[in-house]
Protein chains: 2
Amino acid sequence: MLKMERQAYILHQLNLHNKILSADIMQQINVSDDTIRRDLQELAKDGKIIKVHGGALSPSYHNGHHSQREIYAYTQKRIIAKKAASLIKNGMFVLTGGGTTIIELARALPPTLHATFISGSIPALFEYSNHPNIEVIAIGDKVAKNSKITVGLEAISKIKELKVDLCFLGVNAISLENGVSDNDWDVVKIKKAMVESSRRLVCLTISEKINSQQPIQVCDSKKIDTLITELPADDLLLQPFVQAGITVI
Amino acid sequence: MLKMERQAYILHQLNLHNKILSADIMQQINVSDDTIRRDLQELAKDGKIIKVHGGALSPSYHNGHHSQREIYAYTQKRIIAKKAASLIKNGMFVLTGGGTTIIELARALPPTLHATFISGSIPALFEYSNHPNIEVIAIGDKVAKNSKITVGLEAISKIKELKVDLCFLGVNAISLENGVSDNDWDVVKIKKAMVESSRRLVCLTISEKINSQQPIQVCDSKKIDTLITELPADDLLLQPFVQAGITVI
DNA sequence: TTTAATTTTGCATTAGCTTGCGGAAATTTG
DNA sequence: CAAATTTCCGCAAGCTAATGCAAAATTAAA
């Protein structure tokens, strides 16, 4: 990875998260702490970042501009995103839905990852297309106003043509008995198609939504291969899922 | 392999991957590192690439990633966007391409506007989907890395199914003799389809690009219905277009 | 076609950049 | 205060860049 790329990545991450830890970056792009520190030093000299002990802050963060980091349960979703990102290997085909957790996943993808991402979520596509090395395929159709994902027969038929390695689904409600459920008819139809078109289904959710239910079912819990929450895998809340044979991370 | 061929290859690789390593290219086309370095130097002198230690980056890489407010000729593009927005009436179906000018158009849309926007540009779709009242339809396909629009047969065939009221095209080069032209094969194919699928073609460009030409033609100037630049319609530079029967705003 | 002029290429050498490491100093945290 | 991190400093290794020069290739002219 070139120096400039690395610095671009650092700035990008800083724009997204308003703060970064040297240790995080160091791990994500696999270079020594000194290198990162030198990068931060250079960027700080140009006033592009504010260097602090252990990492850096976005200048806009300090300058009053409180950018909208108003995502609900932001910290938890970042943890989930990091866990999810670790499942993706080079060369994989990955199908993803939308939602804030998926966006965090998109932002947490290591810049060295070479994979193909397929999605109908406009914000997710936007994030993916900012990544230097991933191939992006957009599922076209009418964009649903609230969820900002494409919905409709076109989209469904496109998804059905696929058979991808991994499918990441940010879920609104999940329980062992009722599986994954949601409250938007069009979105559920899309999600159903996604579940069918993937070899491995990974559900992402904050623990708060565990054991909840919504009116329309997306899929049975038998379909779930992996469940990711912000909790450690041995948390009591998750044991029923472990016992049901779901890989819990 | 000729020098020009080699440089074309380098540019092509850069368009595909947004970055290249001198060492890679050197191996791929079997010439010495010096030769590659000299090529990079020349290309960098013309501003076609950004040379860095160890290789080169695409100029779009630097412009597109961060520093979103550093759009080239930002003020002029805002003027263009406002003029363009005034053409759109409630209930219209509008097809748009990508590029910074189109993004500004998306941001300049009055919040009360009720219309349907169709696009394959990920950033444009992102902006459209943030608008409270417009319907958004996404053209799906593989997303081109540099331009961030969907390209491919899928996208083209979807566009060909349409017949919209208005088509906004941000153009890279335009002249009366050569019409609209561009330098990316895939993008040109998409733009051609867009031109064919619209009743009225509106070209947006900063005046700097008037009377310039790129290798691949999108359409003849006869196809252009309206031309929007940041200049007033009576500017001398624009008179040839007025005389050719094009509505100039 | 042959010859001369010009450009381009490859090599050797020297110079410069970037990175990671060890150890000492500084900072944070409990 | 003490332990754990983080930072700073200098240095060596490994690449990458620049320069001058001769060989090779291309172009222009005879």
# chains A, B, ... in the order shown; residues from 1 in each chain; ligands from 1

$ residues_around --residues "Thr205 in chain B" --least-positions-apart "2" --cutoff "7 Å" --atoms "only C-alpha atoms (C1' of nucleotides)" --output "VMD selection string"
chain B and resid 170 to 171 203 207 209 228 to 229

$ interface_residues --of "chain A" --to "chain C" --cutoff "12 Å" --atoms "only C-alpha atoms (C1' of nucleotides)" --output "PyMOL selection string"
chain A and resi 1-4+30-39+52-54

$ closest_atom_pairs --of "chain A" --to "chain B" --cutoff "12 Å" --atoms "only C-alpha atoms" --output "JSON lines"
{"residue": "A:Met1", "atom": "CA", "partner": "B:Leu21", "partner_atom": "CA", "distance": 9.2}
{"residue": "A:Leu2", "atom": "CA", "partner": "B:Gly54", "partner_atom": "CA", "distance": 7.1}
{"residue": "A:Lys3", "atom": "CA", "partner": "B:His53", "partner_atom": "CA", "distance": 7.9}
{"residue": "A:Met4", "atom": "CA", "partner": "B:Val52", "partner_atom": "CA", "distance": 7.4}
{"residue": "A:Glu5", "atom": "CA", "partner": "B:Leu57", "partner_atom": "CA", "distance": 8.4}
{"residue": "A:Gln7", "atom": "CA", "partner": "B:His62", "partner_atom": "CA", "distance": 10.8}
{"residue": "A:Ala8", "atom": "CA", "partner": "B:His65", "partner_atom": "CA", "distance": 7.6}
{"residue": "A:Tyr9", "atom": "CA", "partner": "B:His65", "partner_atom": "CA", "distance": 8.9}
{"residue": "A:Ile10", "atom": "CA", "partner": "B:His66", "partner_atom": "CA", "distance": 10.3}
{"residue": "A:Leu11", "atom": "CA", "partner": "B:His66", "partner_atom": "CA", "distance": 7.1}
{"residue": "A:His12", "atom": "CA", "partner": "B:His66", "partner_atom": "CA", "distance": 6.2}
{"residue": "A:Gln13", "atom": "CA", "partner": "B:His66", "partner_atom": "CA", "distance": 9.8}
{"residue": "A:Leu14", "atom": "CA", "partner": "B:His66", "partner_atom": "CA", "distance": 9.9}
{"residue": "A:Asn15", "atom": "CA", "partner": "B:His66", "partner_atom": "CA", "distance": 7.7}
{"residue": "A:Leu16", "atom": "CA", "partner": "B:His66", "partner_atom": "CA", "distance": 10.1}
{"residue": "A:Lys48", "atom": "CA", "partner": "B:Ser67", "partner_atom": "CA", "distance": 9.9}
{"residue": "A:Ser60", "atom": "CA", "partner": "B:Ser67", "partner_atom": "CA", "distance": 11.6}
{"residue": "A:His114", "atom": "CA", "partner": "B:His17", "partner_atom": "CA", "distance": 11.2}
{"residue": "A:Thr116", "atom": "CA", "partner": "B:Lys142", "partner_atom": "CA", "distance": 9.9}
{"residue": "A:Phe117", "atom": "CA", "partner": "B:Lys142", "partner_atom": "CA", "distance": 9.9}
{"residue": "A:Ile118", "atom": "CA", "partner": "B:Lys142", "partner_atom": "CA", "distance": 8.9}
{"residue": "A:Ser119", "atom": "CA", "partner": "B:Gly140", "partner_atom": "CA", "distance": 9.6}
{"residue": "A:Gly120", "atom": "CA", "partner": "B:Gly140", "partner_atom": "CA", "distance": 8.4}
{"residue": "A:Ser121", "atom": "CA", "partner": "B:Phe126", "partner_atom": "CA", "distance": 9.5}
{"residue": "A:Ile122", "atom": "CA", "partner": "B:Phe126", "partner_atom": "CA", "distance": 5.8}
{"residue": "A:Pro123", "atom": "CA", "partner": "B:Phe126", "partner_atom": "CA", "distance": 6.2}
{"residue": "A:Ala124", "atom": "CA", "partner": "B:Phe126", "partner_atom": "CA", "distance": 9.5}
{"residue": "A:Leu125", "atom": "CA", "partner": "B:Ile122", "partner_atom": "CA", "distance": 6.7}
{"residue": "A:Phe126", "atom": "CA", "partner": "B:Ile122", "partner_atom": "CA", "distance": 5.8}
{"residue": "A:Glu127", "atom": "CA", "partner": "B:Ile122", "partner_atom": "CA", "distance": 9.5}
{"residue": "A:Tyr128", "atom": "CA", "partner": "B:Val143", "partner_atom": "CA", "distance": 9.7}
{"residue": "A:Ser129", "atom": "CA", "partner": "B:Lys148", "partner_atom": "CA", "distance": 6.6}
{"residue": "A:Asn130", "atom": "CA", "partner": "B:His65", "partner_atom": "CA", "distance": 6.6}
{"residue": "A:His131", "atom": "CA", "partner": "B:His65", "partner_atom": "CA", "distance": 9.0}
{"residue": "A:Pro132", "atom": "CA", "partner": "B:Asn18", "partner_atom": "CA", "distance": 7.3}
{"residue": "A:Asn133", "atom": "CA", "partner": "B:His17", "partner_atom": "CA", "distance": 7.3}
{"residue": "A:Ile134", "atom": "CA", "partner": "B:Lys145", "partner_atom": "CA", "distance": 8.9}
{"residue": "A:Glu135", "atom": "CA", "partner": "B:Val143", "partner_atom": "CA", "distance": 7.3}
{"residue": "A:Val136", "atom": "CA", "partner": "B:Val143", "partner_atom": "CA", "distance": 5.3}
{"residue": "A:Ile137", "atom": "CA", "partner": "B:Lys142", "partner_atom": "CA", "distance": 4.3}
{"residue": "A:Ala138", "atom": "CA", "partner": "B:Gly140", "partner_atom": "CA", "distance": 4.7}
{"residue": "A:Ile139", "atom": "CA", "partner": "B:Gly140", "partner_atom": "CA", "distance": 4.6}
{"residue": "A:Gly140", "atom": "CA", "partner": "B:Gly140", "partner_atom": "CA", "distance": 3.7}
{"residue": "A:Asp141", "atom": "CA", "partner": "B:Ala138", "partner_atom": "CA", "distance": 5.2}
{"residue": "A:Lys142", "atom": "CA", "partner": "B:Ile137", "partner_atom": "CA", "distance": 4.3}
{"residue": "A:Val143", "atom": "CA", "partner": "B:Val136", "partner_atom": "CA", "distance": 5.3}
{"residue": "A:Ala144", "atom": "CA", "partner": "B:Val136", "partner_atom": "CA", "distance": 7.9}
{"residue": "A:Lys145", "atom": "CA", "partner": "B:Ser129", "partner_atom": "CA", "distance": 6.8}
{"residue": "A:Asn146", "atom": "CA", "partner": "B:Ser129", "partner_atom": "CA", "distance": 8.9}
{"residue": "A:Ser147", "atom": "CA", "partner": "B:Ser129", "partner_atom": "CA", "distance": 9.6}
{"residue": "A:Lys148", "atom": "CA", "partner": "B:Ser129", "partner_atom": "CA", "distance": 6.5}
{"residue": "A:Ile149", "atom": "CA", "partner": "B:Ser129", "partner_atom": "CA", "distance": 9.4}
{"residue": "A:Thr150", "atom": "CA", "partner": "B:Ala138", "partner_atom": "CA", "distance": 7.2}
{"residue": "A:Val151", "atom": "CA", "partner": "B:Ile137", "partner_atom": "CA", "distance": 9.6}
{"residue": "A:Gly152", "atom": "CA", "partner": "B:Ile137", "partner_atom": "CA", "distance": 10.6}
{"residue": "A:Glu154", "atom": "CA", "partner": "B:Gly140", "partner_atom": "CA", "distance": 9.6}
{"residue": "A:Ala155", "atom": "CA", "partner": "B:Gly140", "partner_atom": "CA", "distance": 8.6}
{"residue": "A:Lys158", "atom": "CA", "partner": "B:Gly140", "partner_atom": "CA", "distance": 9.2}
{"residue": "A:Ile159", "atom": "CA", "partner": "B:Gly140", "partner_atom": "CA", "distance": 11.3}

$ interface_residues --of "chain D" --to "chain B" --cutoff "12 Å" --atoms "only C-alpha atoms (C1' of nucleotides)" --output "VMD selection string"
chain D and resid 15 to 19 25 to 26

$ write_last_selection --atoms "N, CA and C atoms (P, O5', C5', C4', C3', O3' and C1' of nucleotides)" --output "mmCIF file, in the first residue's frame"
data_model
loop_
_atom_site.group_PDB
_atom_site.id
_atom_site.type_symbol
_atom_site.label_atom_id
_atom_site.label_comp_id
_atom_site.auth_asym_id
_atom_site.auth_seq_id
_atom_site.Cartn_x
_atom_site.Cartn_y
_atom_site.Cartn_z
ATOM 1 P P DC D 15 13.201 -5.592 -1.220
ATOM 2 O "O5'" DC D 15 12.673 -4.483 -2.224
ATOM 3 C "C5'" DC D 15 13.242 -3.209 -2.129
ATOM 4 C "C4'" DC D 15 12.159 -2.158 -2.123
ATOM 5 C "C3'" DC D 15 11.833 -1.666 -3.521
ATOM 6 O "O3'" DC D 15 10.512 -1.169 -3.594
ATOM 7 C "C1'" DC D 15 13.112 -0.026 -2.345
ATOM 8 P P DT D 16 9.943 -0.782 -5.015
ATOM 9 O "O5'" DT D 16 10.461 0.724 -5.219
ATOM 10 C "C5'" DT D 16 9.980 1.732 -4.352
ATOM 11 C "C4'" DT D 16 10.529 3.083 -4.763
ATOM 12 C "C3'" DT D 16 10.417 3.396 -6.257
ATOM 13 O "O3'" DT D 16 9.871 4.710 -6.382
ATOM 14 C "C1'" DT D 16 12.629 3.725 -5.520
ATOM 15 P P DA D 17 9.866 5.456 -7.787
ATOM 16 O "O5'" DA D 17 11.144 6.392 -7.735
ATOM 17 C "C5'" DA D 17 11.239 7.358 -6.700
ATOM 18 C "C4'" DA D 17 12.287 8.394 -7.020
ATOM 19 C "C3'" DA D 17 12.272 8.936 -8.444
ATOM 20 O "O3'" DA D 17 12.495 10.337 -8.390
ATOM 21 C "C1'" DA D 17 14.380 7.954 -7.997
ATOM 22 P P DA D 18 12.572 11.204 -9.666
ATOM 23 O "O5'" DA D 18 14.128 11.395 -9.905
ATOM 24 C "C5'" DA D 18 14.874 12.231 -9.030
ATOM 25 C "C4'" DA D 18 16.311 12.330 -9.495
ATOM 26 C "C3'" DA D 18 16.478 12.846 -10.933
ATOM 27 O "O3'" DA D 18 17.504 13.822 -10.936
ATOM 28 C "C1'" DA D 18 17.579 10.759 -10.683
ATOM 29 P P DT D 19 17.727 14.714 -12.253
ATOM 30 O "O5'" DT D 19 19.238 14.429 -12.649
ATOM 31 C "C5'" DT D 19 20.140 13.845 -11.699
ATOM 32 C "C4'" DT D 19 21.299 13.200 -12.439
ATOM 33 C "C3'" DT D 19 21.431 13.612 -13.901
ATOM 34 O "O3'" DT D 19 22.730 14.107 -14.154
ATOM 35 C "C1'" DT D 19 21.499 11.256 -13.688
ATOM 36 P P DA D 25 16.860 -3.205 -31.225
ATOM 37 O "O5'" DA D 25 15.858 -1.998 -31.498
ATOM 38 C "C5'" DA D 25 15.134 -1.471 -30.401
ATOM 39 C "C4'" DA D 25 14.426 -0.202 -30.832
ATOM 40 C "C3'" DA D 25 13.676 -0.332 -32.169
ATOM 41 O "O3'" DA D 25 12.355 0.146 -31.995
ATOM 42 C "C1'" DA D 25 15.089 1.571 -32.185
ATOM 43 P P DT D 26 11.279 -0.106 -33.132
ATOM 44 O "O5'" DT D 26 11.035 1.386 -33.657
ATOM 45 C "C5'" DT D 26 10.805 2.416 -32.690
ATOM 46 C "C4'" DT D 26 11.022 3.771 -33.328
ATOM 47 C "C3'" DT D 26 10.287 3.955 -34.663
ATOM 48 O "O3'" DT D 26 9.352 5.016 -34.520
ATOM 49 C "C1'" DT D 26 12.511 4.777 -34.759
#

$ closest_residue --among "B:Glu42, B:Asp225, B:Asp186, B:Glu177" --to "Ile246 in chain B" --atoms "only C-alpha atoms"
B:Asp225

$ calpha_fit_rmsd --fixed "chain A" --moving "chain B"
16.3 Å

$ select_by_dssp --residues "range 86-170 of chain A" --states "helix (DSSP H, G or I)" --output "PyMOL selection string"
chain A and resi 100-108+122-129+153-160

$ closest_residue --among "A:Gln28, A:Gln217, A:Ser58, A:Ser86" --to "Val188 in chain A" --atoms "only C-alpha atoms"
A:Gln217

$ select_by_dssp --residues "range 104-195 of chain A" --states "strand (DSSP E or B)" --output "list in words"
Thr116, Phe117, Ile118, Ser119, Ser121, Glu135, Val136, Ile137, Ala138, Asp141, Lys142, Val143, Ile149, Thr150, Val151, Val164, Leu166, Cys167, Phe168, Leu169, Gly170, Ala173, Ile174, Ser175, Gly179, Val180, Ser181 and Asp182 of chain A

$ atom_distance --atom1 "CA of Ile25 in chain B" --atom2 "CA of Lys51 in chain B"
13.8 Å

$ atom_distance --atom1 "CA of Leu162 in chain A" --atom2 "CA of Thr226 in chain A"
19.9 Å

$ atom_distance --atom1 "CA of Lys163 in chain A" --atom2 "CA of Leu201 in chain A"
11.6 Å
